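Source file: run-v7.txt. Holds: compact mmCIF, C-alpha atoms.
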```txt
# COMPACT_ATOMS: atom_id res chain seq x y z
CA MET A 1 0.00 0.00 0.00
CA ALA A 2 2.52 2.56 -1.19
CA GLY A 3 -0.23 5.10 -1.79
CA LEU A 4 -1.53 4.75 1.74
CA GLU A 5 1.96 5.19 3.12
CA LEU A 6 2.46 8.46 1.25
CA LEU A 7 -0.96 9.68 2.36
CA PHE A 8 -0.29 8.76 5.97
CA ASN A 9 3.07 10.53 5.99
CA CYS A 10 1.42 13.68 4.61
CA VAL A 11 -1.09 13.87 7.49
CA SER A 12 0.78 12.07 10.28
CA ASN A 13 1.50 15.32 12.11
CA SER A 14 -2.23 16.05 12.36
CA ILE A 15 -3.25 12.57 13.56
CA THR A 16 -4.01 12.80 17.25
CA CYS A 17 -6.20 9.77 17.95
CA SER A 18 -6.99 6.28 16.68
CA GLN A 19 -10.13 7.52 14.91
CA ASP A 20 -8.01 9.85 12.75
CA ALA A 21 -5.82 6.95 11.62
CA LEU A 22 -8.85 4.81 10.77
CA ILE A 23 -10.39 7.65 8.75
CA CYS A 24 -7.12 7.90 6.83
CA PHE A 25 -7.32 4.19 5.95
CA VAL A 26 -10.98 4.37 4.85
CA HIS A 27 -10.27 7.48 2.80
CA TRP A 28 -7.57 5.67 0.84
CA GLU A 29 -9.86 2.71 0.15
CA ILE A 30 -12.42 5.09 -1.35
CA VAL A 31 -9.71 6.66 -3.51
CA LYS A 32 -8.67 3.19 -4.72
CA SER A 33 -12.30 2.55 -5.72
CA GLY A 34 -12.17 5.33 -8.32
CA TYR A 35 -13.03 8.47 -6.35
CA LYS A 36 -11.28 11.64 -5.27
CA CYS A 37 -12.02 13.89 -2.34
CA LEU A 38 -13.70 17.26 -2.85
CA GLY A 39 -13.77 18.65 0.66
CA ILE A 40 -15.37 18.47 4.07
CA GLY A 41 -18.97 19.01 5.19
CA ASP A 42 -22.32 18.26 3.61
CA GLU A 43 -22.52 21.20 1.20
CA PRO A 44 -20.18 21.89 -1.73
CA LYS A 45 -18.01 24.98 -1.68
CA ASP A 46 -16.66 27.26 -4.38
CA GLU A 47 -13.50 26.37 -6.32
CA GLU A 48 -13.29 22.80 -5.05
CA LYS A 49 -10.82 20.48 -6.75
CA LYS A 50 -10.63 16.71 -6.69
CA SER A 51 -7.65 15.33 -4.82
CA GLU A 52 -6.34 12.05 -3.44
CA LEU A 53 -5.20 13.87 -0.29
CA LEU A 54 -7.33 14.60 2.74
CA PRO A 55 -8.60 18.20 2.68
CA PRO A 56 -7.65 20.80 5.29
CA GLY A 57 -9.71 20.54 8.46
CA TRP A 58 -10.68 16.91 7.81
CA ASN A 59 -10.26 15.95 11.50
CA GLU A 60 -11.26 19.14 13.28
CA SER A 61 -14.22 17.35 14.88
CA LYS A 62 -13.46 14.06 16.59
CA GLU A 63 -17.17 13.33 17.07
CA LEU A 64 -18.26 13.64 13.42
CA TYR A 65 -16.17 13.27 10.29
CA ALA A 66 -17.80 14.35 6.99
CA LEU A 67 -16.06 14.02 3.63
CA ARG A 68 -17.38 14.37 0.08
CA TYR A 69 -16.07 12.48 -2.95
CA ARG A 70 -16.63 12.48 -6.72
CA SER A 71 -15.89 9.67 -9.13
CA ASN A 72 -13.08 10.01 -11.64
CA ASP A 73 -15.62 10.13 -14.49
CA ASP A 74 -17.68 12.82 -12.66
CA ARG A 75 -20.85 10.69 -12.81
CA SER A 76 -21.45 10.06 -9.13
CA ASN A 77 -20.84 11.63 -5.72
CA LEU A 78 -20.33 10.09 -2.30
CA LEU A 79 -20.90 11.56 1.12
CA LEU A 80 -19.02 9.81 3.92
CA LYS A 81 -19.89 10.42 7.56
CA ALA A 82 -18.31 8.75 10.59
CA PHE A 83 -19.68 9.06 14.11
CA THR A 84 -17.59 8.32 17.18
CA VAL A 85 -19.44 6.19 19.71
CA ASP A 86 -17.26 5.07 22.60
CA SER A 87 -14.48 2.92 21.08
CA THR A 88 -16.21 2.45 17.69
CA LEU A 89 -16.70 4.43 14.51
CA ILE A 90 -20.07 4.18 12.76
CA PHE A 91 -19.62 4.86 9.04
CA ASN A 92 -22.45 6.04 6.82
CA LEU A 93 -21.93 6.32 3.05
CA MET A 94 -24.53 7.74 0.61
CA ASP A 95 -24.17 7.23 -3.14
CA SER A 96 -26.00 9.95 -5.07
CA THR A 97 -26.10 7.87 -8.27
CA THR A 98 -27.94 4.85 -6.91
CA GLU A 99 -29.41 6.74 -3.91
CA LYS A 100 -28.19 3.84 -1.81
CA VAL A 101 -27.01 4.29 1.77
CA THR A 102 -24.64 1.81 3.42
CA ASP A 103 -23.34 1.72 6.96
CA LEU A 104 -20.65 -0.13 8.87
CA THR A 105 -19.59 -0.18 12.51
CA ILE A 106 -15.90 -0.75 13.21
CA ASN A 107 -14.17 -1.34 16.51
CA VAL A 108 -11.20 1.00 16.22
CA SER A 109 -8.88 -0.92 18.54
CA GLU A 110 -9.09 -4.02 16.31
CA TYR A 111 -7.36 -2.25 13.44
CA VAL A 112 -5.33 0.62 14.91
CA GLU A 113 -2.47 0.56 17.40
CA GLU A 114 -3.03 3.67 19.49
CA ALA A 115 0.52 3.59 20.85
CA ASN A 116 2.05 3.96 17.36
CA LEU A 117 -0.05 6.68 15.77
CA GLN A 118 2.95 8.44 14.19
CA THR A 119 4.59 5.34 12.69
CA TYR A 120 3.11 3.98 9.50
CA GLU A 121 4.81 0.57 9.76
CA SER A 122 3.05 -0.24 13.05
CA VAL A 123 -0.07 1.92 13.24
CA PHE A 124 -2.39 -0.40 11.28
CA LYS A 125 -3.15 -4.08 11.88
CA ASN A 126 -5.44 -6.64 10.24
CA THR A 127 -5.45 -4.46 7.14
CA ASP A 128 -6.61 -7.22 4.74
CA GLU A 129 -9.60 -8.00 6.95
CA LEU A 130 -10.48 -4.32 7.26
CA ALA A 131 -10.20 -3.73 3.49
CA ALA A 132 -12.43 -6.74 2.75
CA LYS A 133 -15.02 -5.54 5.26
CA LEU A 134 -15.09 -2.08 3.69
CA LYS A 135 -15.50 -3.44 0.16
CA SER A 136 -18.28 -5.85 1.10
CA SER A 137 -20.31 -3.66 3.45
CA LEU A 138 -19.58 0.02 2.80
CA LEU A 139 -18.04 0.93 -0.55
CA PRO A 140 -20.13 0.89 -3.76
CA THR A 141 -19.36 -1.98 -6.11
CA LYS A 142 -18.87 -1.68 -9.85
CA LYS A 143 -22.11 -3.58 -10.42
CA GLU A 144 -24.08 -1.06 -8.35
CA GLU A 145 -22.50 1.83 -10.24
CA ARG A 146 -23.44 0.31 -13.61
CA GLN A 147 -26.95 -0.44 -12.35
CA GLY A 148 -27.40 3.13 -11.15
CA LYS A 149 -26.27 4.53 -14.51
CA THR A 150 -28.60 2.15 -16.38
CA GLU A 151 -31.58 3.05 -14.20
CA LYS A 152 -30.86 6.74 -14.63
CA LYS A 153 -30.67 6.32 -18.41
CA THR A 154 -33.86 4.27 -18.49
CA GLU A 155 -35.71 6.88 -16.46
CA SER A 156 -34.49 9.61 -18.80
CA GLU A 157 -35.69 7.66 -21.86
CA ARG A 158 -39.06 7.00 -20.21
CA THR A 159 -39.51 10.70 -19.50
CA SER A 160 -38.54 11.54 -23.07
CA ASN A 161 -41.08 9.07 -24.43
CA LEU A 162 -43.82 10.57 -22.27
CA ARG A 163 -43.04 14.01 -23.64
CA ASP A 164 -43.04 12.79 -27.28
CA PRO A 165 -46.54 11.56 -28.25
CA HIS A 166 -45.25 10.13 -31.54
CA ARG A 167 -43.13 7.55 -29.67
CA ASP A 168 -45.94 6.25 -27.46
CA PRO A 169 -47.66 3.33 -29.25
CA LEU A 170 -50.56 3.37 -26.75
CA LEU A 171 -51.41 7.03 -27.17
CA ILE A 172 -54.71 7.67 -29.00
CA PRO A 173 -54.25 10.56 -31.46
CA THR A 174 -56.42 13.61 -30.99
CA ARG A 175 -59.32 14.33 -33.32
CA GLY A 176 -58.37 17.93 -33.70
CA PRO A 177 -57.58 19.60 -37.03
CA SER A 178 -54.63 18.06 -38.80
CA ASN A 179 -51.47 20.04 -39.42
CA ARG A 180 -50.76 18.22 -42.66
CA GLN A 181 -50.94 20.21 -45.88
CA PRO A 182 -53.56 18.97 -48.39
CA PRO A 183 -52.32 17.52 -51.70
CA ASN A 184 -51.78 19.91 -54.57
CA TRP A 185 -54.86 18.90 -56.53
CA PRO A 186 -55.53 20.73 -59.81
CA ASP A 187 -58.18 23.42 -59.66
CA PRO A 188 -61.48 22.04 -61.08
CA MET A 189 -62.58 25.55 -62.02
CA ALA A 190 -59.70 25.78 -64.51
CA PRO A 191 -61.33 23.93 -67.45
CA PHE A 192 -58.05 23.10 -69.20
CA ALA A 193 -56.08 21.93 -66.14
CA ALA A 194 -57.00 18.30 -66.79
CA GLY A 195 -58.86 16.44 -69.52
CA GLY A 196 -57.97 18.93 -72.18
CA ALA A 197 -59.14 16.66 -74.98
CA ASP A 198 -62.70 16.91 -73.68
CA LEU A 199 -62.78 20.42 -72.28
CA ASP A 200 -60.80 22.42 -74.86
CA PRO A 201 -63.06 23.07 -77.92
CA PHE A 202 -60.23 24.72 -79.85
CA GLY A 203 -57.43 22.29 -79.07
CA GLY A 204 -57.53 20.70 -82.51
CA ARG A 205 -57.86 17.27 -80.95
CA ALA A 206 -60.63 14.72 -81.10
CA GLY A 207 -63.59 15.44 -78.92
CA GLY A 208 -64.29 18.68 -77.14
CA MET A 209 -66.97 20.13 -74.90
CA ILE A 210 -68.47 23.46 -75.65
CA VAL A 211 -69.79 23.95 -72.12
CA ASP A 212 -67.88 23.08 -68.98
CA PRO A 213 -70.28 21.22 -66.68
CA LEU A 214 -68.81 23.02 -63.72
CA ARG A 215 -69.49 26.38 -65.38
CA ALA A 216 -72.91 25.58 -66.79
CA GLY A 217 -74.65 27.99 -64.46
CA PHE A 218 -76.45 25.38 -62.39
CA PRO A 219 -76.49 26.06 -58.66
CA ARG A 220 -73.92 24.08 -56.72
CA SER A 221 -73.96 23.07 -53.10
CA GLY A 222 -72.03 25.33 -50.77
CA PHE A 223 -70.34 22.29 -49.20
CA ASP A 224 -66.80 21.65 -50.48
CA PRO A 225 -65.61 18.16 -49.41
CA SER A 226 -62.01 18.94 -50.47
CA SER A 227 -61.69 21.24 -47.47
CA GLY A 228 -62.25 18.28 -45.15
CA ILE A 229 -64.87 17.41 -42.57
CA PRO A 230 -63.85 18.14 -38.96
CA GLY A 231 -63.44 14.88 -37.08
CA VAL A 232 -64.25 12.77 -40.19
CA LEU A 233 -61.97 13.60 -43.12
CA PRO A 234 -58.71 15.58 -43.16
CA PRO A 235 -58.26 18.39 -45.69
CA GLY A 236 -57.36 17.09 -49.15
CA ALA A 237 -58.84 13.61 -48.67
CA VAL A 238 -61.36 14.30 -51.46
CA PRO A 239 -59.87 15.81 -54.64
CA PRO A 240 -61.55 19.09 -55.64
CA GLY A 241 -64.42 18.51 -58.03
CA ALA A 242 -64.65 14.78 -57.33
CA ARG A 243 -68.02 13.20 -56.62
CA PHE A 244 -68.52 12.75 -52.94
CA ASP A 245 -71.41 11.02 -51.21
CA PRO A 246 -71.42 11.95 -47.51
CA PHE A 247 -71.67 8.93 -45.24
CA GLY A 248 -73.04 11.02 -42.39
CA PRO A 249 -74.52 14.43 -41.67
CA VAL A 250 -72.11 17.11 -42.78
CA GLY A 251 -73.49 19.78 -40.48
CA ARG A 252 -76.47 20.84 -38.49
CA HIS A 253 -78.10 22.84 -41.28
CA ARG A 254 -78.03 20.75 -44.43
CA PRO A 255 -79.49 22.42 -47.55
CA GLY A 256 -82.74 21.01 -48.86
CA PRO A 257 -85.31 18.80 -47.19
CA ASP A 258 -84.41 15.96 -44.88
CA PRO A 259 -84.83 12.70 -46.88
CA ASP A 260 -86.25 11.08 -43.74
CA HIS A 261 -88.86 13.74 -42.92
CA MET A 262 -91.75 11.73 -44.45
CA PRO A 263 -92.46 7.98 -44.33
CA PRO A 264 -92.43 6.02 -47.62
CA PRO A 265 -95.73 5.05 -49.30
CA GLY A 266 -97.42 2.12 -47.62
CA TYR A 267 -95.51 2.65 -44.41
CA ASP A 268 -98.57 1.69 -42.38
CA ASP A 269 -98.58 -1.76 -44.00
CA MET A 270 -96.95 -4.00 -41.42
CA PHE A 271 -96.18 -6.56 -44.14
CA MET A 272 -94.28 -4.12 -46.27
```

Let me see whether you can do it: turn the structure in this file into structure tokens.
Amino acid sequence: MAGLELLFNCVSNSITCSQDALICFVHWEIVKSGYKCLGIGDEPKDEEKKSELLPPGWNESKELYALRYRSNDDRSNLLLKAFTVDSTLIFNLMDSTTEKVTDLTINVSEYVEEANLQTYESVFKNTDELAAKLKSSLLPTKKEERQGKTEKKTESERTSNLRDPHRDPLLIPTRGPSNRQPPNWPDPMAPFAAGGADLDPFGGRAGGMIVDPLRAGFPRSGFDPSSGIPGVLPPGAVPPGARFDPFGPVGRHRPGPDPDHMPPPGYDDMFM
């Protein structure tokens, strides 16, 4: 543990109790897991930088240690708190990515020699057991980190799908007016736009109609099916000038008499 030795030598002058030495060990295990320390306390501060070293003031309080960490890829944050209770330290670690909280209680005297706090070679004991306990009960595993990222991505995609009605296969489309532009049908009132052989009397071709049926002067219904029927047909579904037989009432006030206003002849005959 060359890295731990360098870290310990950097802060050995500030270590005044066994709890400080144990915090130093736990801090290095978190760094080995792919995190760097940002600072102390619960709230972030301005101009913080990630570092493998312990920040200034990390052991000012012997009753409560609070350190914040960020992963090397900047995708997750950890908040470590350690409470001193008699001869034990109760660790509490919250992972902001998975929103998972883990805790571990450690008897300090089992892993730190209080008589050798300034000597790295003899201050720690049972280090393999302590490291295994931290990895299994306190530190986030790689599987949990991947699961948290996957769940976060899935939630983001689900929110995006809810916002986009075109990606929801179960969403019933509204019956409001369509935003689609109608097809560019030729104008039926232009007699030579289509069918010139029949409509152009001076075209020099076979056939020819002297009078355009659409311009014959007969009254025409004011209903234009090419403009669409709200809630029934979108605009452009019926080409202009095409014959159209409505399959339902077009509006409240239809021109002309209602074909059902009188019964047919012989209606009273029950055998009809």

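One distance worth recording is that between atom CA of A:Tyr120 and atom CA of A:Glu5, which is 6.6 Å.
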
Item to check | Residues within 12 Å of stretch 7-15 of chain A, all atoms listed in the file, excluding chain neighbours under 3 positions, as a PyMOL selection string | outcome: chain A and resi 1-4+18-29+31+51-60+62+114+116-124

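Note that atom CA of A:Asn107 and atom CA of A:Ser76 are 29.0 Å apart.
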
Item to check | Between atom CA of A:Ile106 and atom CA of A:Leu130 - distance in Å to one decimal | outcome: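 Atom CA of A:Ile106 lies at a distance of 8.8 Å from atom CA of A:Leu130.
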
Item to check | Nearby residues, (-16.2, 16.8, -12.2) file frame, 10 Å, only C-alpha atoms, as a PyMOL selection string | outcome: chain A and resi 36+38+48-50+70-77

Save the residues we just selected, C-alpha atoms, as a PDB file, in the coordinates of the input?
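This is the output file part.pdb:
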```pdb
ATOM      1  CA  LYS A  36     -11.280  11.640  -5.270  1.00  0.00           C
ATOM      2  CA  LEU A  38     -13.700  17.260  -2.850  1.00  0.00           C
ATOM      3  CA  GLU A  48     -13.290  22.800  -5.050  1.00  0.00           C
ATOM      4  CA  LYS A  49     -10.820  20.480  -6.750  1.00  0.00           C
ATOM      5  CA  LYS A  50     -10.630  16.710  -6.690  1.00  0.00           C
ATOM      6  CA  ARG A  70     -16.630  12.480  -6.720  1.00  0.00           C
ATOM      7  CA  SER A  71     -15.890   9.670  -9.130  1.00  0.00           C
ATOM      8  CA  ASN A  72     -13.080  10.010 -11.640  1.00  0.00           C
ATOM      9  CA  ASP A  73     -15.620  10.130 -14.490  1.00  0.00           C
ATOM     10  CA  ASP A  74     -17.680  12.820 -12.660  1.00  0.00           C
ATOM     11  CA  ARG A  75     -20.850  10.690 -12.810  1.00  0.00           C
ATOM     12  CA  SER A  76     -21.450  10.060  -9.130  1.00  0.00           C
ATOM     13  CA  ASN A  77     -20.840  11.630  -5.720  1.00  0.00           C
TER      14      ASN A  77
END
```

Next on the checklist: List as JSON, numbers by chain the protein and nucleic acid residues near A:Thr88, meaning an atom at most 7 Å away when only C-alpha atoms are counted, but skip any in the same chain fewer than 2 places from it.
Outcome noted: {"A": [84, 85, 86, 90, 105, 106, 107, 108]}

Checklist entry - What lies within 8 Å of A:Tyr65 using all atoms listed in the file, ignoring chain neighbours under 4 positions off, as a PyMOL selection string? => result chain A and resi 58-59+61+80-83

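Nearest-residue note for A:Glu113: choosing from A:Cys17, A:Val101, A:Ala242, A:Ala131, the minimum distance belongs to A:Cys17, counting all atoms listed in the file.
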
Checklist entry - Contacts of A:Leu104 at 7 Å or less, counting only C-alpha atoms, minus same-chain residues fewer than 6 places along, as a ChimeraX atom specification? => result /A:90-92,137-138
